[in-house]
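Student: Here's a structure for you.
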Amino acid sequence: MIYIHNIGSLNLKEGDAFDVKETLKKATGNPYRRTDRYIQMALLGAYRTVGDTKLEPETALYMASGQGDLAVFTRLRDQQHVLKQPPRPVDFINSLSNTAGFYTAQLLNLHGRNLNLTQHGFVVYMTLLLAQNDLQTGAQTQVLVGGVDELLEPVSFTRKFLGICGDQAMGEGSNWMLLNSRKEGAMASLDIVREAMSLSEVKSYLGGVQKTAKVAFGLRCSEATASALLESNDTERFRYESECGFYETAAFYALIRFIEEGEGELIFIEQFEEVFRLIRVQCLP
Amino acid sequence: MQKKRVFVNAYESLSCAGNSAELMEAVYAKKSGITIDTSYMPEHKAGLGIFATGEFFASLVAVTQAVLRKSGLDDFKETLLIVGSSVGGIGKSEQIFFKEQSYKNINPKEHAVSVISDTLNGAFGFKESRSISTACTSSTNALMLGQRLINIGAYDNVLVVGADALCYTTVCGFQALGVLSDEKCTPFQKGRKGMNVAEGIAAVLLQDRQTEESVELCGSAGSSDAFHMTNPDPEAGGAISCMQKAIEDAGIEPGDIDYVNAHGTGTPANDTVEALAVSTLLPHNPCMSSTKAITGHTLGASGALEAVIACEVIKRQKIAPQASLQEAENMNVNLPLEAVDQKIRYVLSNSFAFGGNNTALVFGALK
């Protein structure tokens, strides 16, 4: 078992007016002039999680994203082939996939392992599983994990990139958790169920959980699938979807929202294609 | 928890120096695969490592197929795929944009880092796949992740694929940063001019079972300088930290390292700091060389490509010489000018990325 000690969130829906850079500057006192919005989102989410608390310098940093910093790619292409200029060094640097991780480590004075996982489907699950593995084997003593995804204009570009249909509201976010193996002082425990499951296996699994547990579904999971999974048991559903447009790492937001409510157990079910994976969170008194 | 041991049981690679067998011939003969090229930047010469074998994604499948043949496995259906790449499919997107001057027909799924795992999944049907993108440490971190997952018994077979193709973004981007050499790179040389960007593919099969041909992946660790986005910590704190922790993870002492396959890009900043790190942590002065003088810097693929070289060095009990070296900047490191036949138990392989993202691996001969 591993434990969640801090949580922090930035969650925005399509059309929300929110100045990430200004908010970050007010929070940290640093204008972060060479960074772009994606990096600023990472910094703000991480800062909201940790604040001015000094973390152990060896704390590892694992960052997840469905698409990475996609905006910088379009800037680089425009510089080269519309403006007929060489890439701006600052944009090339910001295009490197570990740049947001670097700035986050620098902000929090972290010197441990620093990873970035980018993929469609299960990227939150995989990042949490990596953290769980490393904490359980003692490879790490503490891990700051987070997910960052930025919604680009036009929204249809991001929608196409993620393979999301037109009626799904889109969003963006930067949601983080501080994890370690100590129960003392923790907000919640976290258990990443290792096995991938089919629909019928999830049904069977849910049949064996305590009836007091709640169930939530990832945003790639259809209402029909959710209903099918819940039809044979009376487990209560935890709903967060109305607060959250689609982004690949929104699962972090769902887990954080549940922990903020402060009690009970959540079984979070992620789906990608025909495969299901489960994350369990138990709030602690 | 008792950690399971992790073995490298099959591998193949493709770089500007050829396949794995051709690469090792080139390494020992100090024959660079770099060419001086102006195709990406007509107004600037740059040393680049380019395949002569055509389409990148076809090569990716062919390299992976070669590992399957060598592995003794029937297929990869029970194998986890972990891809390490820094640019993914950006090259494909560039081709479309350059032709049409529009983003309209760019296929976003082919743009992402996961295009590599998607391609390989389509060809081989892996059990699962993951993609790691941390610039030049991508496939080294993928190897570290694979090692950890086998350590805890989560998987028996993990195929790590490091793959990066050349594209305008990387070539022109590194040129804009002023770190590209217009000649073949000269790692650790006094007055060196910079690095050569290159394309590369390397596939390394990690398993929990030992064979007669196995090399053990016995240690790994990562660290973060958190010092500067493009310059390493001049005191080498992050580099020393990750090398030291990888050695500890392997359960050995620094004095047990017999050879260091350096990150050694040929940039002034990297090589100065890496030489300081190695001379500080390894005062017994083991041989060190950078094979990027032969392959160029294959970015996200370099960790896996250099893992192949580390395994070959152990199997052949023959240290890779430092090519293209006339006069070393740091005389406190042991850069062999010719191949050295000696007993090799442990090899340390370093990878360092922008942002001070450091990863080190330790490979060991079977006891």
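Letters A, B, ... go to the chains of the structure tokens in the order shown; residues in each chain start at 1; ligands are counted from 1 in the same order.
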Would you mind listing, as a PDB file with N, CA and C atoms, in the first residue's frame, all residues of chain B that have at least one atom within 6 Å of chain A, where only C-alpha atoms are what counts?

Tutor:
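Result written to part.pdb:
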```pdb
ATOM      1  N   PRO B 108      -2.649  13.568 -36.197  1.00  0.00           N
ATOM      2  CA  PRO B 108      -2.073  13.729 -34.861  1.00  0.00           C
ATOM      3  C   PRO B 108      -1.586  12.423 -34.256  1.00  0.00           C
ATOM      4  N   LYS B 109      -2.249  11.323 -34.572  1.00  0.00           N
ATOM      5  CA  LYS B 109      -1.809  10.039 -33.994  1.00  0.00           C
ATOM      6  C   LYS B 109      -0.434   9.636 -34.520  1.00  0.00           C
ATOM      7  N   SER B 114       3.871   8.138 -29.240  1.00  0.00           N
ATOM      8  CA  SER B 114       3.279   6.797 -29.249  1.00  0.00           C
ATOM      9  C   SER B 114       3.099   6.225 -30.654  1.00  0.00           C
ATOM     10  N   SER B 131       5.214   4.523 -23.374  1.00  0.00           N
ATOM     11  CA  SER B 131       6.175   5.394 -24.057  1.00  0.00           C
ATOM     12  C   SER B 131       6.749   6.397 -23.080  1.00  0.00           C
ATOM     13  N   ILE B 132       8.061   6.522 -23.100  1.00  0.00           N
ATOM     14  CA  ILE B 132       8.747   7.480 -22.232  1.00  0.00           C
ATOM     15  C   ILE B 132       9.476   8.476 -23.113  1.00  0.00           C
ATOM     16  N   SER B 133       9.331   9.734 -22.777  1.00  0.00           N
ATOM     17  CA  SER B 133       9.993  10.761 -23.560  1.00  0.00           C
ATOM     18  C   SER B 133      10.666  11.753 -22.629  1.00  0.00           C
ATOM     19  N   THR B 134      11.946  11.593 -22.446  1.00  0.00           N
ATOM     20  CA  THR B 134      12.729  12.516 -21.620  1.00  0.00           C
ATOM     21  C   THR B 134      13.961  12.950 -22.409  1.00  0.00           C
ATOM     22  N   ALA B 135      13.732  13.344 -23.671  1.00  0.00           N
ATOM     23  CA  ALA B 135      14.815  13.779 -24.561  1.00  0.00           C
ATOM     24  C   ALA B 135      15.889  12.691 -24.635  1.00  0.00           C
ATOM     25  N   GLY B 173      16.989  22.849 -34.565  1.00  0.00           N
ATOM     26  CA  GLY B 173      16.908  23.275 -33.167  1.00  0.00           C
ATOM     27  C   GLY B 173      18.264  23.232 -32.481  1.00  0.00           C
ATOM     28  N   ALA B 176      20.317  25.967 -33.759  1.00  0.00           N
ATOM     29  CA  ALA B 176      19.947  27.254 -33.153  1.00  0.00           C
ATOM     30  C   ALA B 176      20.563  27.412 -31.767  1.00  0.00           C
ATOM     31  N   LEU B 177      20.762  26.307 -31.084  1.00  0.00           N
ATOM     32  CA  LEU B 177      21.394  26.373 -29.761  1.00  0.00           C
ATOM     33  C   LEU B 177      22.915  26.472 -29.861  1.00  0.00           C
ATOM     34  N   GLY B 222      18.400   7.238 -11.633  1.00  0.00           N
ATOM     35  CA  GLY B 222      18.235   8.533 -12.298  1.00  0.00           C
ATOM     36  C   GLY B 222      18.376   9.658 -11.297  1.00  0.00           C
ATOM     37  N   SER B 223      18.666  10.829 -11.810  1.00  0.00           N
ATOM     38  CA  SER B 223      18.731  12.009 -10.947  1.00  0.00           C
ATOM     39  C   SER B 223      18.409  13.236 -11.783  1.00  0.00           C
ATOM     40  N   SER B 224      18.184  14.329 -11.092  1.00  0.00           N
ATOM     41  CA  SER B 224      17.846  15.569 -11.765  1.00  0.00           C
ATOM     42  C   SER B 224      18.752  16.679 -11.225  1.00  0.00           C
ATOM     43  N   ASP B 225      19.458  17.369 -12.134  1.00  0.00           N
ATOM     44  CA  ASP B 225      20.300  18.484 -11.694  1.00  0.00           C
ATOM     45  C   ASP B 225      19.450  19.617 -11.133  1.00  0.00           C
ATOM     46  N   ALA B 226      18.304  19.896 -11.795  1.00  0.00           N
ATOM     47  CA  ALA B 226      17.483  21.071 -11.473  1.00  0.00           C
ATOM     48  C   ALA B 226      18.369  22.314 -11.393  1.00  0.00           C
ATOM     49  N   GLY B 355      18.107  19.797 -19.242  1.00  0.00           N
ATOM     50  CA  GLY B 355      17.341  19.904 -18.011  1.00  0.00           C
ATOM     51  C   GLY B 355      17.998  19.139 -16.878  1.00  0.00           C
TER      52      GLY B 355
END
```

Student: Hey, what does DSSP flag as strand (DSSP E) within stretch 99-192 of chain A? Can you give it to me as a PDB file with N, CA and C atoms, in the first residue's frame?

Tutor:
```pdb
ATOM      1  N   ASN A 114      13.590  11.882 -12.608  1.00  0.00           N
ATOM      2  CA  ASN A 114      12.642  12.814 -13.222  1.00  0.00           C
ATOM      3  C   ASN A 114      12.178  12.218 -14.546  1.00  0.00           C
ATOM      4  N   LEU A 115      10.927  11.759 -14.601  1.00  0.00           N
ATOM      5  CA  LEU A 115      10.436  11.033 -15.779  1.00  0.00           C
ATOM      6  C   LEU A 115       9.212  11.696 -16.383  1.00  0.00           C
ATOM      7  N   ASN A 116       9.030  11.482 -17.664  1.00  0.00           N
ATOM      8  CA  ASN A 116       7.862  11.993 -18.362  1.00  0.00           C
ATOM      9  C   ASN A 116       7.261  10.863 -19.199  1.00  0.00           C
ATOM     10  N   LEU A 117       6.026  10.512 -18.926  1.00  0.00           N
ATOM     11  CA  LEU A 117       5.343   9.467 -19.702  1.00  0.00           C
ATOM     12  C   LEU A 117       4.265  10.118 -20.552  1.00  0.00           C
ATOM     13  N   THR A 118       4.320   9.852 -21.859  1.00  0.00           N
ATOM     14  CA  THR A 118       3.323  10.437 -22.760  1.00  0.00           C
ATOM     15  C   THR A 118       2.676   9.322 -23.563  1.00  0.00           C
ATOM     16  N   GLN A 142       9.901   8.761  -1.882  1.00  0.00           N
ATOM     17  CA  GLN A 142       8.779   9.685  -2.075  1.00  0.00           C
ATOM     18  C   GLN A 142       8.701  10.054  -3.556  1.00  0.00           C
ATOM     19  N   VAL A 143       7.496  10.169  -4.076  1.00  0.00           N
ATOM     20  CA  VAL A 143       7.322  10.498  -5.495  1.00  0.00           C
ATOM     21  C   VAL A 143       6.240  11.566  -5.631  1.00  0.00           C
ATOM     22  N   LEU A 144       6.552  12.603  -6.379  1.00  0.00           N
ATOM     23  CA  LEU A 144       5.548  13.597  -6.763  1.00  0.00           C
ATOM     24  C   LEU A 144       5.077  13.210  -8.163  1.00  0.00           C
ATOM     25  N   VAL A 145       3.800  12.845  -8.284  1.00  0.00           N
ATOM     26  CA  VAL A 145       3.266  12.440  -9.590  1.00  0.00           C
ATOM     27  C   VAL A 145       2.217  13.449 -10.036  1.00  0.00           C
ATOM     28  N   GLY A 146       2.176  13.691 -11.323  1.00  0.00           N
ATOM     29  CA  GLY A 146       1.179  14.629 -11.822  1.00  0.00           C
ATOM     30  C   GLY A 146       0.877  14.390 -13.284  1.00  0.00           C
ATOM     31  N   GLY A 147      -0.230  14.952 -13.710  1.00  0.00           N
ATOM     32  CA  GLY A 147      -0.610  14.863 -15.117  1.00  0.00           C
ATOM     33  C   GLY A 147      -0.908  16.246 -15.646  1.00  0.00           C
ATOM     34  N   VAL A 148      -0.376  16.552 -16.828  1.00  0.00           N
ATOM     35  CA  VAL A 148      -0.559  17.878 -17.406  1.00  0.00           C
ATOM     36  C   VAL A 148      -0.999  17.732 -18.862  1.00  0.00           C
ATOM     37  N   ASP A 149      -2.116  18.351 -19.191  1.00  0.00           N
ATOM     38  CA  ASP A 149      -2.580  18.392 -20.583  1.00  0.00           C
ATOM     39  C   ASP A 149      -3.163  19.758 -20.871  1.00  0.00           C
ATOM     40  N   GLY A 171     -11.332  19.767 -22.071  1.00  0.00           N
ATOM     41  CA  GLY A 171     -10.800  20.532 -20.950  1.00  0.00           C
ATOM     42  C   GLY A 171      -9.291  20.421 -20.886  1.00  0.00           C
ATOM     43  N   GLU A 172      -8.731  20.909 -19.813  1.00  0.00           N
ATOM     44  CA  GLU A 172      -7.279  20.837 -19.609  1.00  0.00           C
ATOM     45  C   GLU A 172      -7.020  20.857 -18.116  1.00  0.00           C
ATOM     46  N   GLY A 173      -5.842  20.415 -17.748  1.00  0.00           N
ATOM     47  CA  GLY A 173      -5.586  20.387 -16.315  1.00  0.00           C
ATOM     48  C   GLY A 173      -4.156  20.044 -15.968  1.00  0.00           C
ATOM     49  N   SER A 174      -3.842  20.304 -14.710  1.00  0.00           N
ATOM     50  CA  SER A 174      -2.547  19.950 -14.134  1.00  0.00           C
ATOM     51  C   SER A 174      -2.834  19.517 -12.708  1.00  0.00           C
ATOM     52  N   ASN A 175      -2.822  18.217 -12.485  1.00  0.00           N
ATOM     53  CA  ASN A 175      -3.272  17.647 -11.205  1.00  0.00           C
ATOM     54  C   ASN A 175      -2.174  16.773 -10.628  1.00  0.00           C
ATOM     55  N   TRP A 176      -1.886  16.946  -9.345  1.00  0.00           N
ATOM     56  CA  TRP A 176      -0.690  16.338  -8.757  1.00  0.00           C
ATOM     57  C   TRP A 176      -0.981  15.693  -7.408  1.00  0.00           C
ATOM     58  N   MET A 177      -0.124  14.734  -7.069  1.00  0.00           N
ATOM     59  CA  MET A 177      -0.199  14.051  -5.764  1.00  0.00           C
ATOM     60  C   MET A 177       1.217  13.789  -5.256  1.00  0.00           C
ATOM     61  N   LEU A 178       1.377  13.912  -3.967  1.00  0.00           N
ATOM     62  CA  LEU A 178       2.645  13.533  -3.339  1.00  0.00           C
ATOM     63  C   LEU A 178       2.443  12.185  -2.656  1.00  0.00           C
ATOM     64  N   LEU A 179       3.258  11.213  -3.053  1.00  0.00           N
ATOM     65  CA  LEU A 179       3.088   9.836  -2.575  1.00  0.00           C
ATOM     66  C   LEU A 179       4.311   9.373  -1.798  1.00  0.00           C
ATOM     67  N   ASN A 180       4.069   8.616  -0.727  1.00  0.00           N
ATOM     68  CA  ASN A 180       5.160   7.865  -0.109  1.00  0.00           C
ATOM     69  C   ASN A 180       4.602   6.647   0.618  1.00  0.00           C
ATOM     70  N   ALA A 188      -4.937   9.696   2.199  1.00  0.00           N
ATOM     71  CA  ALA A 188      -5.600   8.530   1.598  1.00  0.00           C
ATOM     72  C   ALA A 188      -4.568   7.461   1.268  1.00  0.00           C
ATOM     73  N   SER A 189      -5.045   6.240   1.145  1.00  0.00           N
ATOM     74  CA  SER A 189      -4.173   5.173   0.637  1.00  0.00           C
ATOM     75  C   SER A 189      -4.515   4.952  -0.835  1.00  0.00           C
ATOM     76  N   LEU A 190      -3.549   4.377  -1.543  1.00  0.00           N
ATOM     77  CA  LEU A 190      -3.693   4.207  -2.988  1.00  0.00           C
ATOM     78  C   LEU A 190      -3.236   2.805  -3.360  1.00  0.00           C
ATOM     79  N   ASP A 191      -4.037   2.116  -4.141  1.00  0.00           N
ATOM     80  CA  ASP A 191      -3.657   0.772  -4.583  1.00  0.00           C
ATOM     81  C   ASP A 191      -3.945   0.656  -6.075  1.00  0.00           C
ATOM     82  N   ILE A 192      -2.904   0.415  -6.835  1.00  0.00           N
ATOM     83  CA  ILE A 192      -3.067   0.259  -8.280  1.00  0.00           C
ATOM     84  C   ILE A 192      -3.213  -1.236  -8.554  1.00  0.00           C
TER      85      ILE A 192
END
```

Student: Could you write out, as a ChimeraX atom specification, all the residues of stretch 124-175 of chain A that DSSP marks as alpha helix (DSSP H)?

Tutor: /A:124-136,155-162

Student: With only C-alpha atoms as the atoms that count, which of B:Ala269, B:Ala301, B:Ala239, B:Val171 lies nearest to B:Ser86?

Tutor: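 Using only C-alpha atoms, B:Ser86 sits closest to B:Ala301.
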
Student: Give me, as a PDB file with C-alpha atoms, in the first residue's frame, all polymer residues having an atom no more than 10 Å from A:Asp234, counting only C-alpha atoms and skipping those fewer than 5 positions away in the same chain.

Tutor:
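Heads up, here's the output in result-v1.pdb:
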```
ATOM      1  CA  LEU A 206     -16.985  -5.186  -8.413  1.00  0.00           C
ATOM      2  CA  GLY A 207     -19.113  -8.003  -7.065  1.00  0.00           C
ATOM      3  CA  LYS A 211     -20.927  -2.081  -0.825  1.00  0.00           C
ATOM      4  CA  THR A 212     -19.820   1.115   0.885  1.00  0.00           C
ATOM      5  CA  LYS A 214     -18.053   4.176  -4.638  1.00  0.00           C
TER       6      LYS A 214
END
```

Student: Any idea what's packed within 12 Å of A:Arg280, counting only C-alpha atoms, ignoring anything in its chain fewer than 4 positions away? Could you give it as a ChimeraX atom specification?

Tutor: /A:1-4,125,128-129,188-194,206,209,213-217,251,254-255,258-259,264-270

Student: Atoms to include: C-alpha atoms. Write the selected residues as a PDB file, in the first residue's frame.

Tutor:
```pdb
ATOM      1  CA  MET A   1       0.000   0.000   0.000  1.00  0.00           C
ATOM      2  CA  ILE A   2       1.170   3.528  -0.726  1.00  0.00           C
ATOM      3  CA  TYR A   3      -0.185   6.787   0.650  1.00  0.00           C
ATOM      4  CA  ILE A   4      -1.229  10.155  -0.690  1.00  0.00           C
ATOM      5  CA  TYR A 125      -2.600   4.401 -14.354  1.00  0.00           C
ATOM      6  CA  LEU A 128       0.840   5.613 -10.637  1.00  0.00           C
ATOM      7  CA  LEU A 129       1.842   1.984 -11.153  1.00  0.00           C
ATOM      8  CA  ALA A 188      -5.600   8.530   1.598  1.00  0.00           C
ATOM      9  CA  SER A 189      -4.173   5.173   0.637  1.00  0.00           C
ATOM     10  CA  LEU A 190      -3.693   4.207  -2.988  1.00  0.00           C
ATOM     11  CA  ASP A 191      -3.657   0.772  -4.583  1.00  0.00           C
ATOM     12  CA  ILE A 192      -3.067   0.259  -8.280  1.00  0.00           C
ATOM     13  CA  VAL A 193      -4.601  -3.063  -9.295  1.00  0.00           C
ATOM     14  CA  ARG A 194      -1.926  -4.679 -11.451  1.00  0.00           C
ATOM     15  CA  LEU A 206     -16.985  -5.186  -8.413  1.00  0.00           C
ATOM     16  CA  VAL A 209     -15.921  -5.158  -3.161  1.00  0.00           C
ATOM     17  CA  ALA A 213     -17.241   1.750  -1.850  1.00  0.00           C
ATOM     18  CA  LYS A 214     -18.053   4.176  -4.638  1.00  0.00           C
ATOM     19  CA  VAL A 215     -17.205   3.718  -8.304  1.00  0.00           C
ATOM     20  CA  ALA A 216     -16.073   6.337 -10.840  1.00  0.00           C
ATOM     21  CA  PHE A 217     -15.275   5.979 -14.507  1.00  0.00           C
ATOM     22  CA  ALA A 251      -8.241  10.667 -13.915  1.00  0.00           C
ATOM     23  CA  ALA A 254     -11.246  12.567 -10.325  1.00  0.00           C
ATOM     24  CA  LEU A 255      -9.060  10.964  -7.651  1.00  0.00           C
ATOM     25  CA  PHE A 258     -12.791  12.205  -4.211  1.00  0.00           C
ATOM     26  CA  ILE A 259     -10.036  12.718  -1.658  1.00  0.00           C
ATOM     27  CA  GLY A 264     -14.861   6.410   1.926  1.00  0.00           C
ATOM     28  CA  GLU A 265     -13.328   4.233  -0.738  1.00  0.00           C
ATOM     29  CA  LEU A 266     -13.278   4.835  -4.490  1.00  0.00           C
ATOM     30  CA  ILE A 267     -12.721   2.322  -7.243  1.00  0.00           C
ATOM     31  CA  PHE A 268     -11.757   4.265 -10.342  1.00  0.00           C
ATOM     32  CA  ILE A 269     -12.206   2.383 -13.598  1.00  0.00           C
ATOM     33  CA  GLU A 270     -10.209   3.456 -16.638  1.00  0.00           C
TER      34      GLU A 270
END
```

Student: What does the distance from atom CA of B:Phe354 to atom CA of B:Gln322 come to in Å, to one decimal?

Tutor: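 Separating atom CA of B:Phe354 from atom CA of B:Gln322 is a distance of 23.6 Å.
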
Student: Give me, as a PyMOL selection string, all polymer residues having an atom no more than 7 Å from B:Ile257, counting only C-alpha atoms and skipping those fewer than 3 positions away in the same chain.

Tutor: chain B and resi 254+286+346-348

Student: For A:Ala46, list every protein, DNA or RNA residue within 7 Å, evaluated using only C-alpha atoms, and leave out those in the same chain fewer than 4 positions away; present the list as a list in words.

Tutor: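 Surrounding residues, per the criterion: Gly8, Ala42, Val50 and Trp176 of chain A.
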
Student: Record the distance separating atom CA of A:Cys165 and atom CA of B:Gly125, expressed in Å with one decimal.

Tutor: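 Rounded to one decimal, the two atoms are 25.9 Å apart.
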